[in-house]
$ cat data01.pdb   # PDB, C-alpha atoms
ATOM      1  CA  MET M1245      58.457  22.671 -91.123  1.00  0.00           C
ATOM      2  CA  LYS M1246      54.846  23.562 -90.482  1.00  0.00           C
ATOM      3  CA  LYS M1247      53.632  21.093 -93.174  1.00  0.00           C
ATOM      4  CA  ALA M1248      55.755  18.294 -91.687  1.00  0.00           C
ATOM      5  CA  LEU M1249      54.334  18.973 -88.229  1.00  0.00           C
ATOM      6  CA  ILE M1250      50.750  18.906 -89.559  1.00  0.00           C
ATOM      7  CA  LEU M1251      51.447  15.676 -91.485  1.00  0.00           C
ATOM      8  CA  LEU M1252      53.062  14.039 -88.465  1.00  0.00           C
ATOM      9  CA  THR M1253      50.194  15.103 -86.203  1.00  0.00           C
ATOM     10  CA  SER M1254      47.577  13.722 -88.600  1.00  0.00           C
ATOM     11  CA  ILE M1255      49.424  10.394 -88.889  1.00  0.00           C
ATOM     12  CA  VAL M1256      49.650  10.063 -85.097  1.00  0.00           C
ATOM     13  CA  CYS M1257      45.995  11.018 -84.729  1.00  0.00           C
ATOM     14  CA  LEU M1258      44.844   8.496 -87.328  1.00  0.00           C
ATOM     15  CA  GLY M1259      47.047   5.809 -85.813  1.00  0.00           C
ATOM     16  CA  SER M1260      45.595   6.342 -82.353  1.00  0.00           C
ATOM     17  CA  CYS M1261      42.021   6.430 -83.645  1.00  0.00           C
ATOM     18  CA  GLN M1262      42.352   3.170 -85.544  1.00  0.00           C
ATOM     19  CA  LYS M1263      40.439   0.445 -83.751  1.00  0.00           C
ATOM     20  CA  SER M1264      42.546  -2.490 -82.681  1.00  0.00           C
ATOM     21  CA  SER M1265      41.469  -5.937 -83.784  1.00  0.00           C
ATOM     22  CA  THR M1266      38.868  -7.535 -81.537  1.00  0.00           C
ATOM     23  CA  ASN M1267      38.947 -10.874 -83.320  1.00  0.00           C
ATOM     24  CA  HIS M1268      40.396 -13.119 -80.640  1.00  0.00           C
ATOM     25  CA  THR M1269      38.631 -16.280 -81.740  1.00  0.00           C
ATOM     26  CA  LYS M1270      40.144 -19.730 -82.024  1.00  0.00           C
ATOM     27  CA  ASN M1271      39.203 -23.016 -83.621  1.00  0.00           C
ATOM     28  CA  TYR M1272      38.818 -26.153 -81.498  1.00  0.00           C
ATOM     29  CA  PHE M1273      38.409 -29.861 -82.201  1.00  0.00           C
ATOM     30  CA  CYS M1274      36.343 -31.331 -79.393  1.00  0.00           C
ATOM     31  CA  THR M1275      35.420 -34.843 -78.377  1.00  0.00           C
ATOM     32  CA  ARG M1276      32.444 -35.437 -76.135  1.00  0.00           C
ATOM     33  CA  ASN M1277      32.638 -38.457 -73.847  1.00  0.00           C
ATOM     34  CA  ASP M1278      30.030 -40.348 -71.922  1.00  0.00           C
ATOM     35  CA  SER M1279      30.590 -42.858 -69.150  1.00  0.00           C
ATOM     36  CA  VAL M1280      28.263 -44.839 -66.934  1.00  0.00           C
ATOM     37  CA  TYR M1281      28.865 -46.108 -63.421  1.00  0.00           C
ATOM     38  CA  SER M1282      26.503 -48.467 -61.641  1.00  0.00           C
ATOM     39  CA  ASN M1283      26.536 -50.635 -58.572  1.00  0.00           C
ATOM     40  CA  ILE M1284      25.536 -53.451 -60.937  1.00  0.00           C
ATOM     41  CA  PRO M1285      28.680 -54.325 -62.951  1.00  0.00           C
ATOM     42  CA  VAL M1286      26.762 -55.171 -66.130  1.00  0.00           C
ATOM     43  CA  TYR M1287      25.704 -51.527 -66.511  1.00  0.00           C
ATOM     44  CA  ASN M1288      29.222 -50.094 -66.136  1.00  0.00           C
ATOM     45  CA  ASN M1289      30.713 -48.492 -69.209  1.00  0.00           C
ATOM     46  CA  PRO M1290      33.801 -46.502 -68.240  1.00  0.00           C
ATOM     47  CA  HIS M1291      34.359 -44.590 -71.470  1.00  0.00           C
ATOM     48  CA  TYR M1292      32.978 -44.199 -74.925  1.00  0.00           C
ATOM     49  CA  LYS M1293      33.176 -41.390 -77.424  1.00  0.00           C
ATOM     50  CA  SER M1294      29.727 -40.029 -78.119  1.00  0.00           C
ATOM     51  CA  ASN M1295      30.455 -37.171 -80.523  1.00  0.00           C
ATOM     52  CA  SER M1296      33.346 -35.203 -81.997  1.00  0.00           C
ATOM     53  CA  GLY M1297      33.687 -32.235 -84.286  1.00  0.00           C
ATOM     54  CA  ASN M1298      35.021 -28.771 -84.935  1.00  0.00           C
ATOM     55  CA  TYR M1299      33.955 -25.676 -83.068  1.00  0.00           C
ATOM     56  CA  ASP M1300      35.120 -22.746 -85.187  1.00  0.00           C
ATOM     57  CA  GLN M1301      35.565 -19.083 -84.288  1.00  0.00           C
ATOM     58  CA  TYR M1302      34.975 -19.406 -80.547  1.00  0.00           C
ATOM     59  CA  SER M1303      36.121 -16.658 -78.206  1.00  0.00           C
ATOM     60  CA  ASP M1304      37.567 -17.573 -74.816  1.00  0.00           C
ATOM     61  CA  ALA M1305      34.262 -16.804 -73.070  1.00  0.00           C
ATOM     62  CA  GLN M1306      32.332 -18.975 -75.546  1.00  0.00           C
ATOM     63  CA  TYR M1307      34.853 -21.779 -75.078  1.00  0.00           C
ATOM     64  CA  GLN M1308      34.555 -21.645 -71.279  1.00  0.00           C
ATOM     65  CA  PHE M1309      30.746 -21.674 -71.582  1.00  0.00           C
ATOM     66  CA  LEU M1310      30.969 -24.701 -73.904  1.00  0.00           C
ATOM     67  CA  LEU M1311      33.064 -26.565 -71.334  1.00  0.00           C
ATOM     68  CA  LYS M1312      30.668 -25.634 -68.545  1.00  0.00           C
ATOM     69  CA  THR M1313      27.500 -26.686 -70.381  1.00  0.00           C
ATOM     70  CA  MET M1314      28.895 -29.942 -71.773  1.00  0.00           C
ATOM     71  CA  THR M1315      30.268 -31.263 -68.461  1.00  0.00           C
ATOM     72  CA  TYR M1316      27.633 -32.616 -66.104  1.00  0.00           C
ATOM     73  CA  VAL M1317      26.480 -35.656 -64.096  1.00  0.00           C
ATOM     74  CA  ASP M1318      23.083 -37.322 -63.954  1.00  0.00           C
ATOM     75  CA  THR M1319      22.172 -39.720 -61.157  1.00  0.00           C
ATOM     76  CA  MET M1320      19.321 -42.190 -61.468  1.00  0.00           C
ATOM     77  CA  ILE M1321      18.106 -44.521 -58.745  1.00  0.00           C
ATOM     78  CA  TYR M1322      15.880 -47.357 -59.820  1.00  0.00           C
ATOM     79  CA  SER M1323      13.954 -49.943 -57.847  1.00  0.00           C
ATOM     80  CA  HIS M1324      15.847 -52.524 -55.793  1.00  0.00           C
ATOM     81  CA  ASP M1325      18.563 -49.938 -54.954  1.00  0.00           C
ATOM     82  CA  THR M1326      20.065 -49.844 -58.427  1.00  0.00           C
ATOM     83  CA  LEU M1327      22.235 -46.768 -58.792  1.00  0.00           C
ATOM     84  CA  VAL M1328      23.270 -45.480 -62.220  1.00  0.00           C
ATOM     85  CA  GLN M1329      25.410 -42.384 -62.646  1.00  0.00           C
ATOM     86  CA  GLU M1330      26.101 -40.990 -66.074  1.00  0.00           C
ATOM     87  CA  PHE M1331      28.995 -38.574 -66.640  1.00  0.00           C
ATOM     88  CA  TRP M1332      29.298 -36.331 -69.696  1.00  0.00           C
ATOM     89  CA  THR M1333      32.566 -34.551 -70.411  1.00  0.00           C
ATOM     90  CA  ILE M1334      34.153 -32.686 -73.308  1.00  0.00           C
ATOM     91  CA  SER M1335      37.821 -32.354 -74.153  1.00  0.00           C
ATOM     92  CA  CYS M1336      39.091 -29.912 -76.748  1.00  0.00           C
ATOM     93  CA  THR M1337      42.337 -29.194 -78.533  1.00  0.00           C
ATOM     94  CA  GLU M1338      43.085 -25.937 -80.287  1.00  0.00           C
ATOM     95  CA  ILE M1339      43.684 -26.214 -84.025  1.00  0.00           C
ATOM     96  CA  ASP M1340      45.218 -23.624 -86.306  1.00  0.00           C
TER      97      ASP M1340
END

$ encode --input "data01.pdb" --output "structure tokens"
Amino acid sequence: MKKALILLTSIVCLGSCQKSSTNHTKNYFCTRNDSVYSNIPVYNNPHYKSNSGNYDQYSDAQYQFLLKTMTYVDTMIYSHDTLVQEFWTISCTEID
């Protein structure tokens, strides 16, 4: 009985000391888009794909940072009151 208790205690102790997996990464396929708006209709380009590819082994925090850094707007004002706004976005889907 004493040997069984020691064996059971050591198994429980080893099981509780074992580090749980911290690999919570995912793979994403992302498409970056660019669009241009202007008050001059010739410059308008509502949507075109600028880049796409795989982003492998990204954690949730890395994925959120990727979305934050790849989504932005740039506004340019030229002479004669020409306004050009460029929008960059990224859309991702999780792949297995």

$ residues_around --input "data01.pdb" --residues "M:Tyr1316" --least-positions-apart "2" --cutoff "9 Å" --atoms "only C-alpha atoms" --output "list in words"
Lys1312, Thr1313, Met1314, Asp1318, Glu1330, Phe1331, Trp1332 and Thr1333 of chain M

$ atom_distance --input "data01.pdb" --atom1 "atom CA of M:Ala1305" --atom2 "atom CA of M:Cys1336"
14.4 Å

$ closest_residue --input "data01.pdb" --among "M:Lys1246, M:Ser1335, M:Phe1273, M:Thr1253" --to "M:Tyr1302" --atoms "all atoms listed in the file"
M:Phe1273

$ residues_around --input "data01.pdb" --residues "M:Val1328" --least-positions-apart "2" --cutoff "6 Å" --atoms "all atoms listed in the file" --output "list of chain:residue names"
M:Tyr1281, M:Ser1282, M:Thr1319, M:Met1320

$ closest_residue --input "data01.pdb" --among "M:Ile1255, M:Lys1270, M:Tyr1307, M:Ile1334" --to "M:Ser1294" --atoms "only C-alpha atoms"
M:Ile1334

$ atom_distance --input "data01.pdb" --atom1 "atom CA of M:Tyr1292" --atom2 "atom CA of M:Val1317"
15.2 Å

$ resolve_selection --input "data01.pdb" --expression "the PyMOL selection byres ((chain M and resi 1297) around 8)" --output "list of chain:residue names"
M:Phe1273, M:Cys1274, M:Thr1275, M:Asn1295, M:Ser1296, M:Asn1298, M:Tyr1299

$ atom_distance --input "data01.pdb" --atom1 "atom CA of M:Asp1304" --atom2 "atom CA of M:Tyr1272"
10.9 Å

$ build_atoms --input "data01.pdb" --residues "stretch 1315-1340 of chain M" --atoms "N, CA, C and O atoms" --output "mmCIF file, in the frame of the given file"
data_model
loop_
_atom_site.group_PDB
_atom_site.id
_atom_site.type_symbol
_atom_site.label_atom_id
_atom_site.label_comp_id
_atom_site.auth_asym_id
_atom_site.auth_seq_id
_atom_site.Cartn_x
_atom_site.Cartn_y
_atom_site.Cartn_z
ATOM 1 N N THR M 1315 29.730 -30.418 -69.519
ATOM 2 C CA THR M 1315 30.268 -31.263 -68.461
ATOM 3 C C THR M 1315 29.253 -31.316 -67.328
ATOM 4 O O THR M 1315 29.026 -30.320 -66.655
ATOM 5 N N TYR M 1316 28.644 -32.482 -67.147
ATOM 6 C CA TYR M 1316 27.633 -32.616 -66.104
ATOM 7 C C TYR M 1316 27.453 -34.080 -65.725
ATOM 8 O O TYR M 1316 27.964 -34.981 -66.393
ATOM 9 N N VAL M 1317 26.730 -34.313 -64.638
ATOM 10 C CA VAL M 1317 26.480 -35.656 -64.096
ATOM 11 C C VAL M 1317 24.983 -35.817 -63.905
ATOM 12 O O VAL M 1317 24.297 -34.892 -63.487
ATOM 13 N N ASP M 1318 24.489 -37.000 -64.196
ATOM 14 C CA ASP M 1318 23.083 -37.322 -63.954
ATOM 15 C C ASP M 1318 23.044 -38.598 -63.125
ATOM 16 O O ASP M 1318 23.704 -39.578 -63.452
ATOM 17 N N THR M 1319 22.284 -38.569 -62.057
ATOM 18 C CA THR M 1319 22.172 -39.720 -61.157
ATOM 19 C C THR M 1319 20.748 -40.240 -61.201
ATOM 20 O O THR M 1319 19.803 -39.481 -61.052
ATOM 21 N N MET M 1320 20.633 -41.549 -61.420
ATOM 22 C CA MET M 1320 19.321 -42.190 -61.468
ATOM 23 C C MET M 1320 19.303 -43.343 -60.467
ATOM 24 O O MET M 1320 20.248 -44.123 -60.406
ATOM 25 N N ILE M 1321 18.271 -43.418 -59.694
ATOM 26 C CA ILE M 1321 18.106 -44.521 -58.745
ATOM 27 C C ILE M 1321 16.837 -45.262 -59.135
ATOM 28 O O ILE M 1321 15.758 -44.674 -59.202
ATOM 29 N N TYR M 1322 17.004 -46.526 -59.416
ATOM 30 C CA TYR M 1322 15.880 -47.357 -59.820
ATOM 31 C C TYR M 1322 15.439 -48.238 -58.649
ATOM 32 O O TYR M 1322 16.020 -48.205 -57.573
ATOM 33 N N SER M 1323 14.444 -49.040 -58.889
ATOM 34 C CA SER M 1323 13.954 -49.943 -57.847
ATOM 35 C C SER M 1323 15.038 -50.956 -57.475
ATOM 36 O O SER M 1323 15.982 -51.194 -58.238
ATOM 37 N N HIS M 1324 14.908 -51.530 -56.334
ATOM 38 C CA HIS M 1324 15.847 -52.524 -55.793
ATOM 39 C C HIS M 1324 17.236 -51.919 -55.593
ATOM 40 O O HIS M 1324 18.252 -52.580 -55.772
ATOM 41 N N ASP M 1325 17.312 -50.633 -55.270
ATOM 42 C CA ASP M 1325 18.563 -49.938 -54.954
ATOM 43 C C ASP M 1325 19.598 -49.981 -56.073
ATOM 44 O O ASP M 1325 20.794 -50.068 -55.837
ATOM 45 N N THR M 1326 19.152 -49.913 -57.294
ATOM 46 C CA THR M 1326 20.065 -49.844 -58.427
ATOM 47 C C THR M 1326 20.449 -48.389 -58.653
ATOM 48 O O THR M 1326 19.592 -47.536 -58.869
ATOM 49 N N LEU M 1327 21.728 -48.121 -58.592
ATOM 50 C CA LEU M 1327 22.235 -46.768 -58.792
ATOM 51 C C LEU M 1327 22.941 -46.695 -60.139
ATOM 52 O O LEU M 1327 23.775 -47.543 -60.463
ATOM 53 N N VAL M 1328 22.601 -45.710 -60.940
ATOM 54 C CA VAL M 1328 23.270 -45.480 -62.220
ATOM 55 C C VAL M 1328 23.654 -44.007 -62.272
ATOM 56 O O VAL M 1328 22.810 -43.132 -62.101
ATOM 57 N N GLN M 1329 24.930 -43.748 -62.475
ATOM 58 C CA GLN M 1329 25.410 -42.384 -62.646
ATOM 59 C C GLN M 1329 26.015 -42.257 -64.036
ATOM 60 O O GLN M 1329 26.843 -43.071 -64.436
ATOM 61 N N GLU M 1330 25.596 -41.223 -64.729
ATOM 62 C CA GLU M 1330 26.101 -40.990 -66.074
ATOM 63 C C GLU M 1330 26.889 -39.683 -66.073
ATOM 64 O O GLU M 1330 26.407 -38.667 -65.582
ATOM 65 N N PHE M 1331 28.097 -39.729 -66.610
ATOM 66 C CA PHE M 1331 28.995 -38.574 -66.640
ATOM 67 C C PHE M 1331 29.224 -38.153 -68.087
ATOM 68 O O PHE M 1331 29.606 -38.966 -68.927
ATOM 69 N N TRP M 1332 29.014 -36.882 -68.371
ATOM 70 C CA TRP M 1332 29.298 -36.331 -69.696
ATOM 71 C C TRP M 1332 30.445 -35.339 -69.567
ATOM 72 O O TRP M 1332 30.416 -34.459 -68.699
ATOM 73 N N THR M 1333 31.434 -35.475 -70.406
ATOM 74 C CA THR M 1333 32.566 -34.551 -70.411
ATOM 75 C C THR M 1333 32.898 -34.166 -71.850
ATOM 76 O O THR M 1333 32.454 -34.818 -72.789
ATOM 77 N N ILE M 1334 33.678 -33.114 -71.993
ATOM 78 C CA ILE M 1334 34.153 -32.686 -73.308
ATOM 79 C C ILE M 1334 35.614 -32.317 -73.176
ATOM 80 O O ILE M 1334 36.015 -31.706 -72.187
ATOM 81 N N SER M 1335 36.408 -32.740 -74.139
ATOM 82 C CA SER M 1335 37.821 -32.354 -74.153
ATOM 83 C C SER M 1335 38.134 -31.765 -75.525
ATOM 84 O O SER M 1335 37.717 -32.292 -76.550
ATOM 85 N N CYS M 1336 38.843 -30.662 -75.518
ATOM 86 C CA CYS M 1336 39.091 -29.912 -76.748
ATOM 87 C C CYS M 1336 40.582 -29.658 -76.922
ATOM 88 O O CYS M 1336 41.306 -29.483 -75.945
ATOM 89 N N THR M 1337 41.002 -29.620 -78.179
ATOM 90 C CA THR M 1337 42.337 -29.194 -78.533
ATOM 91 C C THR M 1337 42.236 -28.071 -79.537
ATOM 92 O O THR M 1337 41.367 -28.090 -80.416
ATOM 93 N N GLU M 1338 43.102 -27.093 -79.385
ATOM 94 C CA GLU M 1338 43.085 -25.937 -80.287
ATOM 95 C C GLU M 1338 43.750 -26.320 -81.601
ATOM 96 O O GLU M 1338 44.802 -26.960 -81.619
ATOM 97 N N ILE M 1339 43.111 -25.966 -82.704
ATOM 98 C CA ILE M 1339 43.684 -26.214 -84.025
ATOM 99 C C ILE M 1339 43.931 -24.868 -84.702
ATOM 100 O O ILE M 1339 43.311 -23.877 -84.399
ATOM 101 N N ASP M 1340 44.893 -24.875 -85.602
ATOM 102 C CA ASP M 1340 45.218 -23.624 -86.306
ATOM 103 C C ASP M 1340 44.446 -23.478 -87.583
ATOM 104 O O ASP M 1340 44.041 -24.341 -88.223
#
